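I have placed the structure first, in the form of structure tokens, so that the comments after it can refer back to it.
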Amino acid sequence: MTKVEGSIFISGVPQEVYKFTKQLERFPEFIPDIKEVKVVSRDVNSTVTEWASEIEGITIYWKEKDNFDDDNLVISYYLLEGDLDKFEGKWSFKPQDGGTLVTLEVNYDFGLPTFTSIMGPLLKIKVKGNVEAMLKAIKKEFELDKSGTK
């Protein structure tokens, strides 16, 4: 399994940034590569969501379980079914310099050894780019919402 991680500083209280990010179904509104996030079920500590995301013009579909640890400000997720063989990771929200350091960790496996051996480095660059784009989009949207200019 390949691991990709990215972090970004967001001006805001960790609990507020965490609460904002838990609204996964809003991601398609402000993250261009995410085409759809549909909440299939929701309870106090988790959701099951269906995703459609685009990478290099190819749409990838999957269903994941998202677990919310409100005490530790962590969102963990794992693949239930979809186009990937393995897909899991977590979001963490930690206080830093009067704001929040948001870290997104993605662990994935496309399940195609020959394809991965040839395209692995390029795929990792693409996934890393998507992680960074998601973090930047969440920062921008949260800070716009918070400032009231939206």
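How things are named: the first chain in the structure tokens is A, the next is B, and so on; residues count from 1 in each chain; ligands count from 1 in the order shown.
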
Open item on the list: Which of chain A end up as helix (DSSP H, G or I) when DSSP is run on this backbone - answer as an MDAnalysis selection string?
Closed with: chainID A and resid 14:21 24:30 113:147

Writer output for current selection, N, CA and C atoms, as a CSV table (one decimal), in the first residue's frame:
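Result file follows (out02.csv):
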```csv
chain,number,residue,atom,x,y,z
A,14,PRO,N,-9.3,24.7,16.1
A,14,PRO,CA,-9.3,23.3,15.6
A,14,PRO,C,-10.7,22.6,15.6
A,15,GLN,N,-11.5,22.9,16.6
A,15,GLN,CA,-12.8,22.3,16.7
A,15,GLN,C,-13.7,22.8,15.6
A,16,GLU,N,-13.6,24.0,15.2
A,16,GLU,CA,-14.4,24.6,14.1
A,16,GLU,C,-14.0,24.1,12.8
A,17,VAL,N,-12.7,24.0,12.6
A,17,VAL,CA,-12.1,23.4,11.3
A,17,VAL,C,-12.6,22.0,11.1
A,18,TYR,N,-12.5,21.2,12.2
A,18,TYR,CA,-12.9,19.8,12.2
A,18,TYR,C,-14.4,19.7,11.9
A,19,LYS,N,-15.2,20.5,12.6
A,19,LYS,CA,-16.6,20.5,12.3
A,19,LYS,C,-17.0,20.8,10.9
A,20,PHE,N,-16.3,21.8,10.3
A,20,PHE,CA,-16.4,22.2,8.9
A,20,PHE,C,-16.1,21.0,8.0
A,21,THR,N,-15.0,20.3,8.3
A,21,THR,CA,-14.5,19.3,7.4
A,21,THR,C,-15.4,18.0,7.5
A,24,LEU,N,-18.6,16.3,4.7
A,24,LEU,CA,-18.0,15.8,3.5
A,24,LEU,C,-18.9,16.0,2.2
A,25,GLU,N,-20.2,16.0,2.4
A,25,GLU,CA,-21.1,16.2,1.2
A,25,GLU,C,-20.9,17.6,0.6
A,26,ARG,N,-20.3,18.5,1.3
A,26,ARG,CA,-20.1,19.9,0.7
A,26,ARG,C,-18.8,19.9,-0.2
A,27,PHE,N,-18.0,18.9,-0.1
A,27,PHE,CA,-16.7,19.0,-0.8
A,27,PHE,C,-16.9,19.3,-2.3
A,28,PRO,N,-17.8,18.7,-3.0
A,28,PRO,CA,-17.9,19.0,-4.5
A,28,PRO,C,-18.2,20.5,-4.7
A,29,GLU,N,-18.7,21.2,-3.8
A,29,GLU,CA,-19.0,22.7,-3.9
A,29,GLU,C,-17.7,23.5,-4.1
A,30,PHE,N,-16.6,23.0,-3.6
A,30,PHE,CA,-15.4,23.8,-3.6
A,30,PHE,C,-14.1,23.1,-3.9
A,113,PRO,N,-0.9,-4.8,-9.8
A,113,PRO,CA,0.6,-4.8,-9.6
A,113,PRO,C,1.4,-4.4,-10.9
A,114,THR,N,1.1,-4.9,-12.0
A,114,THR,CA,1.8,-4.5,-13.2
A,114,THR,C,1.6,-3.0,-13.5
A,115,PHE,N,0.4,-2.5,-13.5
A,115,PHE,CA,0.1,-1.1,-13.7
A,115,PHE,C,0.8,-0.3,-12.7
A,116,THR,N,0.7,-0.7,-11.4
A,116,THR,CA,1.4,0.1,-10.3
A,116,THR,C,2.9,0.1,-10.5
A,117,SER,N,3.5,-1.0,-10.9
A,117,SER,CA,4.9,-1.0,-11.1
A,117,SER,C,5.4,0.0,-12.2
A,118,ILE,N,4.5,0.2,-13.2
A,118,ILE,CA,4.9,1.1,-14.3
A,118,ILE,C,4.5,2.5,-13.9
A,119,MET,N,3.3,2.7,-13.4
A,119,MET,CA,2.7,4.0,-13.2
A,119,MET,C,2.8,4.5,-11.8
A,120,GLY,N,3.3,3.7,-10.9
A,120,GLY,CA,3.3,4.0,-9.4
A,120,GLY,C,3.8,5.4,-9.1
A,121,PRO,N,5.0,5.7,-9.6
A,121,PRO,CA,5.5,7.1,-9.2
A,121,PRO,C,4.6,8.2,-9.7
A,122,LEU,N,4.1,8.1,-10.9
A,122,LEU,CA,3.2,9.1,-11.5
A,122,LEU,C,1.9,9.1,-10.7
A,123,LEU,N,1.4,8.0,-10.3
A,123,LEU,CA,0.1,7.9,-9.5
A,123,LEU,C,0.4,8.6,-8.1
A,124,LYS,N,1.5,8.3,-7.5
A,124,LYS,CA,1.8,8.9,-6.2
A,124,LYS,C,1.8,10.5,-6.3
A,125,ILE,N,2.4,11.0,-7.4
A,125,ILE,CA,2.5,12.4,-7.6
A,125,ILE,C,1.1,13.0,-7.8
A,126,LYS,N,0.2,12.2,-8.5
A,126,LYS,CA,-1.2,12.7,-8.8
A,126,LYS,C,-2.0,12.7,-7.5
A,127,VAL,N,-1.8,11.6,-6.7
A,127,VAL,CA,-2.5,11.5,-5.4
A,127,VAL,C,-2.1,12.6,-4.5
A,128,LYS,N,-0.7,12.8,-4.4
A,128,LYS,CA,-0.2,13.9,-3.6
A,128,LYS,C,-0.7,15.3,-4.0
A,129,GLY,N,-0.8,15.5,-5.3
A,129,GLY,CA,-1.4,16.7,-5.8
A,129,GLY,C,-2.9,16.9,-5.4
A,130,ASN,N,-3.6,15.8,-5.5
A,130,ASN,CA,-5.0,15.8,-5.0
A,130,ASN,C,-5.1,16.1,-3.5
A,131,VAL,N,-4.3,15.5,-2.7
A,131,VAL,CA,-4.3,15.8,-1.3
A,131,VAL,C,-4.0,17.3,-1.0
A,132,GLU,N,-3.0,17.8,-1.7
A,132,GLU,CA,-2.7,19.2,-1.5
A,132,GLU,C,-3.8,20.1,-2.0
A,133,ALA,N,-4.4,19.8,-3.1
A,133,ALA,CA,-5.5,20.6,-3.6
A,133,ALA,C,-6.7,20.5,-2.7
A,134,MET,N,-7.0,19.4,-2.1
A,134,MET,CA,-8.1,19.3,-1.1
A,134,MET,C,-7.8,20.2,0.1
A,135,LEU,N,-6.6,20.1,0.6
A,135,LEU,CA,-6.3,20.9,1.8
A,135,LEU,C,-6.4,22.4,1.5
A,136,LYS,N,-5.9,22.8,0.3
A,136,LYS,CA,-5.9,24.2,0.0
A,136,LYS,C,-7.4,24.7,-0.2
A,137,ALA,N,-8.2,23.8,-0.8
A,137,ALA,CA,-9.6,24.2,-1.0
A,137,ALA,C,-10.4,24.3,0.3
A,138,ILE,N,-10.1,23.4,1.2
A,138,ILE,CA,-10.7,23.5,2.5
A,138,ILE,C,-10.3,24.7,3.3
A,139,LYS,N,-9.0,25.0,3.2
A,139,LYS,CA,-8.5,26.2,3.9
A,139,LYS,C,-9.2,27.5,3.3
A,140,LYS,N,-9.3,27.6,2.0
A,140,LYS,CA,-9.9,28.7,1.3
A,140,LYS,C,-11.3,28.8,1.7
A,141,GLU,N,-12.1,27.7,1.6
A,141,GLU,CA,-13.5,27.8,1.9
A,141,GLU,C,-13.8,28.1,3.3
A,142,PHE,N,-13.1,27.4,4.3
A,142,PHE,CA,-13.3,27.7,5.7
A,142,PHE,C,-13.0,29.1,6.0
A,143,GLU,N,-11.9,29.6,5.5
A,143,GLU,CA,-11.5,31.0,5.9
A,143,GLU,C,-12.4,32.0,5.2
A,144,LEU,N,-13.0,31.7,4.1
A,144,LEU,CA,-14.0,32.6,3.5
A,144,LEU,C,-15.3,32.5,4.3
A,145,ASP,N,-15.7,31.3,4.7
A,145,ASP,CA,-16.9,31.2,5.5
A,145,ASP,C,-16.8,32.0,6.8
A,146,LYS,N,-15.6,31.8,7.4
A,146,LYS,CA,-15.3,32.4,8.7
A,146,LYS,C,-15.3,33.9,8.6
A,147,SER,N,-14.8,34.5,7.5
A,147,SER,CA,-14.6,35.9,7.4
A,147,SER,C,-16.0,36.6,7.0
```

Task: A:Asp69 environment, 8 Å, only C-alpha atoms, sequence neighbours closer than 5 positions dropped, as a ChimeraX atom specification - done: /A:45,74-75

Quick one: write out the picked residues with N, CA and C atoms as an mmCIF file, in the first residue's frame?
```cif
data_model
loop_
_atom_site.group_PDB
_atom_site.id
_atom_site.type_symbol
_atom_site.label_atom_id
_atom_site.label_comp_id
_atom_site.auth_asym_id
_atom_site.auth_seq_id
_atom_site.Cartn_x
_atom_site.Cartn_y
_atom_site.Cartn_z
ATOM 1 N N ASN A 45 -21.447 9.214 15.270
ATOM 2 C CA ASN A 45 -20.000 9.093 15.150
ATOM 3 C C ASN A 45 -19.491 8.632 13.792
ATOM 4 N N VAL A 74 -10.263 13.764 15.026
ATOM 5 C CA VAL A 74 -9.736 12.895 13.974
ATOM 6 C C VAL A 74 -10.911 12.314 13.188
ATOM 7 N N ILE A 75 -10.788 12.355 11.872
ATOM 8 C CA ILE A 75 -11.730 11.686 10.978
ATOM 9 C C ILE A 75 -10.941 10.564 10.310
#
```

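When only C-alpha atoms are used to compute distances to A:Lys3, the closest of the residues A:Lys86, A:Leu101, A:Ser92, A:Ile34 turns out to be A:Lys86.
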
Open item on the list: Under the rule that only C-alpha atoms are counted, which of A:Tyr108, A:Gln23, A:Val102, A:Phe68 is the nearest residue to A:Asp83?
Closed with: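 Of A:Tyr108, A:Gln23, A:Val102, A:Phe68, the one nearest A:Asp83 is A:Tyr108, counting only C-alpha atoms.
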
Open item on the list: Using only C-alpha atoms, can you tell me which of A:Tyr78, A:Phe87, A:Phe9, A:Phe110 comes closest to A:Ser46?
Closed with: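 Checking each candidate against A:Ser46, we get A:Tyr78 as the closest.
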
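Among the candidate residues A:Asp85, A:Lys22, A:Trp91, A:Glu5, the one lying nearest to A:Ile60 is A:Asp85, with distances computed using only C-alpha atoms.
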
Task: Å distance separating atom CA of A:Thr103 from atom CA of A:Ser76, one decimal place - done: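 If I compute the distance from atom CA of A:Thr103 to atom CA of A:Ser76, I get 11.6 Å.
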
Open item on the list: Taking only C-alpha atoms into account, name the residue in A:Ile10, A:Val4, A:Leu104, A:Ile31 that is nearest to A:Glu54.
Closed with: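 Once distances to A:Glu54 are computed over only C-alpha atoms, the minimum belongs to A:Ile31.
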
If you run DSSP on the backbone here, which positions in chain A get strand (DSSP E)? Please write them as an mmCIF file with N, CA and C atoms, in the first residue's frame.
```cif
data_model
loop_
_atom_site.group_PDB
_atom_site.id
_atom_site.type_symbol
_atom_site.label_atom_id
_atom_site.label_comp_id
_atom_site.auth_asym_id
_atom_site.auth_seq_id
_atom_site.Cartn_x
_atom_site.Cartn_y
_atom_site.Cartn_z
ATOM 1 N N THR A 2 0.506 2.262 -0.755
ATOM 2 C CA THR A 2 1.259 3.502 -0.852
ATOM 3 C C THR A 2 0.637 4.542 0.071
ATOM 4 N N LYS A 3 1.488 5.293 0.746
ATOM 5 C CA LYS A 3 1.026 6.330 1.669
ATOM 6 C C LYS A 3 1.410 7.700 1.138
ATOM 7 N N VAL A 4 0.439 8.624 1.193
ATOM 8 C CA VAL A 4 0.667 10.018 0.831
ATOM 9 C C VAL A 4 0.112 10.865 1.962
ATOM 10 N N GLU A 5 0.821 11.936 2.311
ATOM 11 C CA GLU A 5 0.384 12.787 3.401
ATOM 12 C C GLU A 5 0.639 14.243 3.050
ATOM 13 N N GLY A 6 -0.244 15.111 3.506
ATOM 14 C CA GLY A 6 -0.065 16.540 3.324
ATOM 15 C C GLY A 6 -0.637 17.271 4.516
ATOM 16 N N SER A 7 -0.129 18.490 4.754
ATOM 17 C CA SER A 7 -0.608 19.308 5.860
ATOM 18 C C SER A 7 -0.732 20.750 5.410
ATOM 19 N N ILE A 8 -1.605 21.484 6.105
ATOM 20 C CA ILE A 8 -1.785 22.904 5.820
ATOM 21 C C ILE A 8 -2.212 23.610 7.097
ATOM 22 N N PHE A 9 -1.803 24.868 7.243
ATOM 23 C CA PHE A 9 -2.227 25.689 8.373
ATOM 24 C C PHE A 9 -3.494 26.433 7.980
ATOM 25 N N ILE A 10 -4.504 26.378 8.856
ATOM 26 C CA ILE A 10 -5.760 27.091 8.625
ATOM 27 C C ILE A 10 -6.006 28.015 9.810
ATOM 28 N N ILE A 34 -13.518 16.592 -7.014
ATOM 29 C CA ILE A 34 -14.546 15.765 -6.370
ATOM 30 C C ILE A 34 -15.884 16.108 -7.013
ATOM 31 N N LYS A 35 -16.418 15.158 -7.728
ATOM 32 C CA LYS A 35 -17.641 15.380 -8.496
ATOM 33 C C LYS A 35 -18.898 15.155 -7.672
ATOM 34 N N GLU A 36 -18.830 14.203 -6.704
ATOM 35 C CA GLU A 36 -20.015 13.919 -5.896
ATOM 36 C C GLU A 36 -19.612 13.234 -4.597
ATOM 37 N N VAL A 37 -20.285 13.627 -3.526
ATOM 38 C CA VAL A 37 -20.208 12.908 -2.255
ATOM 39 C C VAL A 37 -21.646 12.800 -1.760
ATOM 40 N N LYS A 38 -22.123 11.582 -1.695
ATOM 41 C CA LYS A 38 -23.489 11.315 -1.264
ATOM 42 C C LYS A 38 -23.449 10.589 0.067
ATOM 43 N N VAL A 39 -24.168 11.129 1.049
ATOM 44 C CA VAL A 39 -24.250 10.468 2.348
ATOM 45 C C VAL A 39 -25.303 9.371 2.256
ATOM 46 N N VAL A 40 -24.874 8.135 2.441
ATOM 47 C CA VAL A 40 -25.761 6.974 2.397
ATOM 48 C C VAL A 40 -26.415 6.768 3.761
ATOM 49 N N SER A 41 -25.624 6.932 4.815
ATOM 50 C CA SER A 41 -26.153 6.828 6.175
ATOM 51 C C SER A 41 -25.304 7.694 7.094
ATOM 52 N N ARG A 42 -25.926 8.135 8.186
ATOM 53 C CA ARG A 42 -25.224 8.984 9.139
ATOM 54 C C ARG A 42 -25.720 8.658 10.538
ATOM 55 N N SER A 46 -20.378 8.493 12.802
ATOM 56 C CA SER A 46 -19.890 8.006 11.508
ATOM 57 C C SER A 46 -20.869 8.322 10.380
ATOM 58 N N THR A 47 -20.344 8.209 9.172
ATOM 59 C CA THR A 47 -21.177 8.255 7.976
ATOM 60 C C THR A 47 -20.682 7.168 7.034
ATOM 61 N N VAL A 48 -21.560 6.774 6.134
ATOM 62 C CA VAL A 48 -21.162 5.993 4.972
ATOM 63 C C VAL A 48 -21.423 6.920 3.798
ATOM 64 N N THR A 49 -20.398 7.123 2.963
ATOM 65 C CA THR A 49 -20.502 8.058 1.853
ATOM 66 C C THR A 49 -20.102 7.388 0.547
ATOM 67 N N GLU A 50 -20.739 7.813 -0.537
ATOM 68 C CA GLU A 50 -20.373 7.381 -1.889
ATOM 69 C C GLU A 50 -19.706 8.556 -2.587
ATOM 70 N N TRP A 51 -18.570 8.301 -3.208
ATOM 71 C CA TRP A 51 -17.742 9.346 -3.816
ATOM 72 C C TRP A 51 -17.565 9.109 -5.307
ATOM 73 N N ALA A 52 -17.442 10.209 -6.039
ATOM 74 C CA ALA A 52 -16.990 10.202 -7.425
ATOM 75 C C ALA A 52 -15.938 11.302 -7.530
ATOM 76 N N SER A 53 -14.746 10.914 -7.932
ATOM 77 C CA SER A 53 -13.638 11.858 -8.046
ATOM 78 C C SER A 53 -12.974 11.661 -9.401
ATOM 79 N N GLU A 54 -12.407 12.731 -9.919
ATOM 80 C CA GLU A 54 -11.776 12.662 -11.232
ATOM 81 C C GLU A 54 -10.268 12.860 -11.108
ATOM 82 N N ILE A 55 -9.517 11.940 -11.715
ATOM 83 C CA ILE A 55 -8.060 12.053 -11.788
ATOM 84 C C ILE A 55 -7.668 11.888 -13.247
ATOM 85 N N ILE A 58 -10.290 10.631 -15.624
ATOM 86 C CA ILE A 58 -10.893 9.333 -15.321
ATOM 87 C C ILE A 58 -11.662 9.454 -14.011
ATOM 88 N N THR A 59 -12.931 9.079 -14.035
ATOM 89 C CA THR A 59 -13.735 9.143 -12.828
ATOM 90 C C THR A 59 -13.582 7.848 -12.040
ATOM 91 N N ILE A 60 -13.304 8.004 -10.757
ATOM 92 C CA ILE A 60 -13.141 6.875 -9.842
ATOM 93 C C ILE A 60 -14.293 6.933 -8.845
ATOM 94 N N TYR A 61 -14.928 5.792 -8.629
ATOM 95 C CA TYR A 61 -16.059 5.696 -7.699
ATOM 96 C C TYR A 61 -15.685 4.799 -6.526
ATOM 97 N N TRP A 62 -16.194 5.151 -5.347
ATOM 98 C CA TRP A 62 -16.019 4.290 -4.181
ATOM 99 C C TRP A 62 -17.019 4.650 -3.093
ATOM 100 N N LYS A 63 -17.177 3.714 -2.175
ATOM 101 C CA LYS A 63 -17.991 3.917 -0.979
ATOM 102 C C LYS A 63 -17.066 3.740 0.212
ATOM 103 N N GLU A 64 -17.155 4.676 1.176
ATOM 104 C CA GLU A 64 -16.291 4.599 2.342
ATOM 105 C C GLU A 64 -17.074 4.795 3.628
ATOM 106 N N LYS A 65 -16.489 4.325 4.704
ATOM 107 C CA LYS A 65 -17.015 4.571 6.051
ATOM 108 C C LYS A 65 -16.115 5.622 6.683
ATOM 109 N N ASP A 66 -16.735 6.673 7.210
ATOM 110 C CA ASP A 66 -16.019 7.770 7.851
ATOM 111 C C ASP A 66 -16.354 7.735 9.337
ATOM 112 N N ASN A 67 -15.331 7.627 10.182
ATOM 113 C CA ASN A 67 -15.521 7.597 11.629
ATOM 114 C C ASN A 67 -15.030 8.905 12.228
ATOM 115 N N PHE A 68 -15.863 9.499 13.088
ATOM 116 C CA PHE A 68 -15.566 10.798 13.679
ATOM 117 C C PHE A 68 -15.211 10.641 15.153
ATOM 118 N N ASP A 69 -14.003 11.035 15.495
ATOM 119 C CA ASP A 69 -13.542 11.032 16.880
ATOM 120 C C ASP A 69 -13.525 12.484 17.340
ATOM 121 N N VAL A 74 -10.263 13.764 15.026
ATOM 122 C CA VAL A 74 -9.736 12.895 13.974
ATOM 123 C C VAL A 74 -10.911 12.314 13.188
ATOM 124 N N ILE A 75 -10.788 12.355 11.872
ATOM 125 C CA ILE A 75 -11.730 11.686 10.978
ATOM 126 C C ILE A 75 -10.941 10.564 10.310
ATOM 127 N N SER A 76 -11.334 9.328 10.549
ATOM 128 C CA SER A 76 -10.681 8.209 9.868
ATOM 129 C C SER A 76 -11.666 7.626 8.866
ATOM 130 N N TYR A 77 -11.134 7.083 7.798
ATOM 131 C CA TYR A 77 -11.998 6.534 6.752
ATOM 132 C C TYR A 77 -11.365 5.288 6.157
ATOM 133 N N TYR A 78 -12.239 4.431 5.618
ATOM 134 C CA TYR A 78 -11.742 3.245 4.930
ATOM 135 C C TYR A 78 -12.746 2.816 3.868
ATOM 136 N N LEU A 79 -12.217 2.185 2.849
ATOM 137 C CA LEU A 79 -12.984 1.738 1.698
ATOM 138 C C LEU A 79 -13.924 0.603 2.068
ATOM 139 N N LEU A 80 -15.162 0.713 1.607
ATOM 140 C CA LEU A 80 -16.120 -0.385 1.714
ATOM 141 C C LEU A 80 -16.205 -1.136 0.390
ATOM 142 N N GLU A 81 -16.237 -0.382 -0.706
ATOM 143 C CA GLU A 81 -16.247 -0.978 -2.055
ATOM 144 C C GLU A 81 -15.927 0.109 -3.063
ATOM 145 N N GLY A 82 -15.502 -0.308 -4.266
ATOM 146 C CA GLY A 82 -15.245 0.681 -5.301
ATOM 147 C C GLY A 82 -14.133 0.292 -6.243
ATOM 148 N N LYS A 86 -7.557 -0.908 -2.174
ATOM 149 C CA LYS A 86 -7.480 -0.447 -0.783
ATOM 150 C C LYS A 86 -7.455 1.075 -0.781
ATOM 151 N N PHE A 87 -8.130 1.656 0.210
ATOM 152 C CA PHE A 87 -8.185 3.109 0.331
ATOM 153 C C PHE A 87 -8.596 3.424 1.758
ATOM 154 N N GLU A 88 -7.710 4.060 2.492
ATOM 155 C CA GLU A 88 -7.986 4.406 3.882
ATOM 156 C C GLU A 88 -7.070 5.543 4.300
ATOM 157 N N GLY A 89 -7.394 6.133 5.429
ATOM 158 C CA GLY A 89 -6.543 7.201 5.933
ATOM 159 C C GLY A 89 -7.230 7.964 7.032
ATOM 160 N N LYS A 90 -6.717 9.171 7.273
ATOM 161 C CA LYS A 90 -7.319 9.979 8.324
ATOM 162 C C LYS A 90 -6.995 11.455 8.131
ATOM 163 N N TRP A 91 -7.865 12.264 8.704
ATOM 164 C CA TRP A 91 -7.678 13.698 8.839
ATOM 165 C C TRP A 91 -7.397 13.952 10.312
ATOM 166 N N SER A 92 -6.454 14.827 10.623
ATOM 167 C CA SER A 92 -6.247 15.231 12.011
ATOM 168 C C SER A 92 -6.157 16.754 12.075
ATOM 169 N N PHE A 93 -6.584 17.288 13.210
ATOM 170 C CA PHE A 93 -6.712 18.732 13.410
ATOM 171 C C PHE A 93 -6.039 19.075 14.731
ATOM 172 N N LYS A 94 -4.882 19.760 14.659
ATOM 173 C CA LYS A 94 -4.105 20.039 15.870
ATOM 174 C C LYS A 94 -3.875 21.541 16.007
ATOM 175 N N PRO A 95 -3.963 22.049 17.250
ATOM 176 C CA PRO A 95 -3.688 23.470 17.460
ATOM 177 C C PRO A 95 -2.242 23.806 17.092
ATOM 178 N N GLN A 96 -2.090 24.950 16.404
ATOM 179 C CA GLN A 96 -0.742 25.412 16.062
ATOM 180 C C GLN A 96 -0.773 26.915 15.848
ATOM 181 N N GLY A 99 -3.947 28.768 15.391
ATOM 182 C CA GLY A 99 -4.824 28.241 14.344
ATOM 183 C C GLY A 99 -4.834 26.722 14.400
ATOM 184 N N THR A 100 -4.957 26.110 13.229
ATOM 185 C CA THR A 100 -5.073 24.652 13.156
ATOM 186 C C THR A 100 -4.146 24.093 12.082
ATOM 187 N N LEU A 101 -3.393 23.071 12.436
ATOM 188 C CA LEU A 101 -2.640 22.314 11.452
ATOM 189 C C LEU A 101 -3.505 21.124 11.066
ATOM 190 N N VAL A 102 -3.923 21.093 9.805
ATOM 191 C CA VAL A 102 -4.754 20.003 9.293
ATOM 192 C C VAL A 102 -3.839 19.078 8.494
ATOM 193 N N THR A 103 -3.879 17.791 8.829
ATOM 194 C CA THR A 103 -3.089 16.789 8.116
ATOM 195 C C THR A 103 -4.033 15.759 7.524
ATOM 196 N N LEU A 104 -3.832 15.457 6.260
ATOM 197 C CA LEU A 104 -4.595 14.426 5.565
ATOM 198 C C LEU A 104 -3.636 13.323 5.147
ATOM 199 N N GLU A 105 -3.950 12.110 5.591
ATOM 200 C CA GLU A 105 -3.157 10.931 5.247
ATOM 201 C C GLU A 105 -4.009 10.017 4.375
ATOM 202 N N VAL A 106 -3.444 9.574 3.259
ATOM 203 C CA VAL A 106 -4.131 8.674 2.334
ATOM 204 C C VAL A 106 -3.246 7.455 2.102
ATOM 205 N N ASN A 107 -3.809 6.272 2.310
ATOM 206 C CA ASN A 107 -3.141 5.010 2.007
ATOM 207 C C ASN A 107 -3.979 4.319 0.931
ATOM 208 N N TYR A 108 -3.343 3.948 -0.170
ATOM 209 C CA TYR A 108 -4.111 3.390 -1.284
ATOM 210 C C TYR A 108 -3.346 2.293 -1.996
ATOM 211 N N ASP A 109 -4.119 1.481 -2.699
ATOM 212 C CA ASP A 109 -3.573 0.437 -3.559
ATOM 213 C C ASP A 109 -4.577 0.237 -4.687
#
```
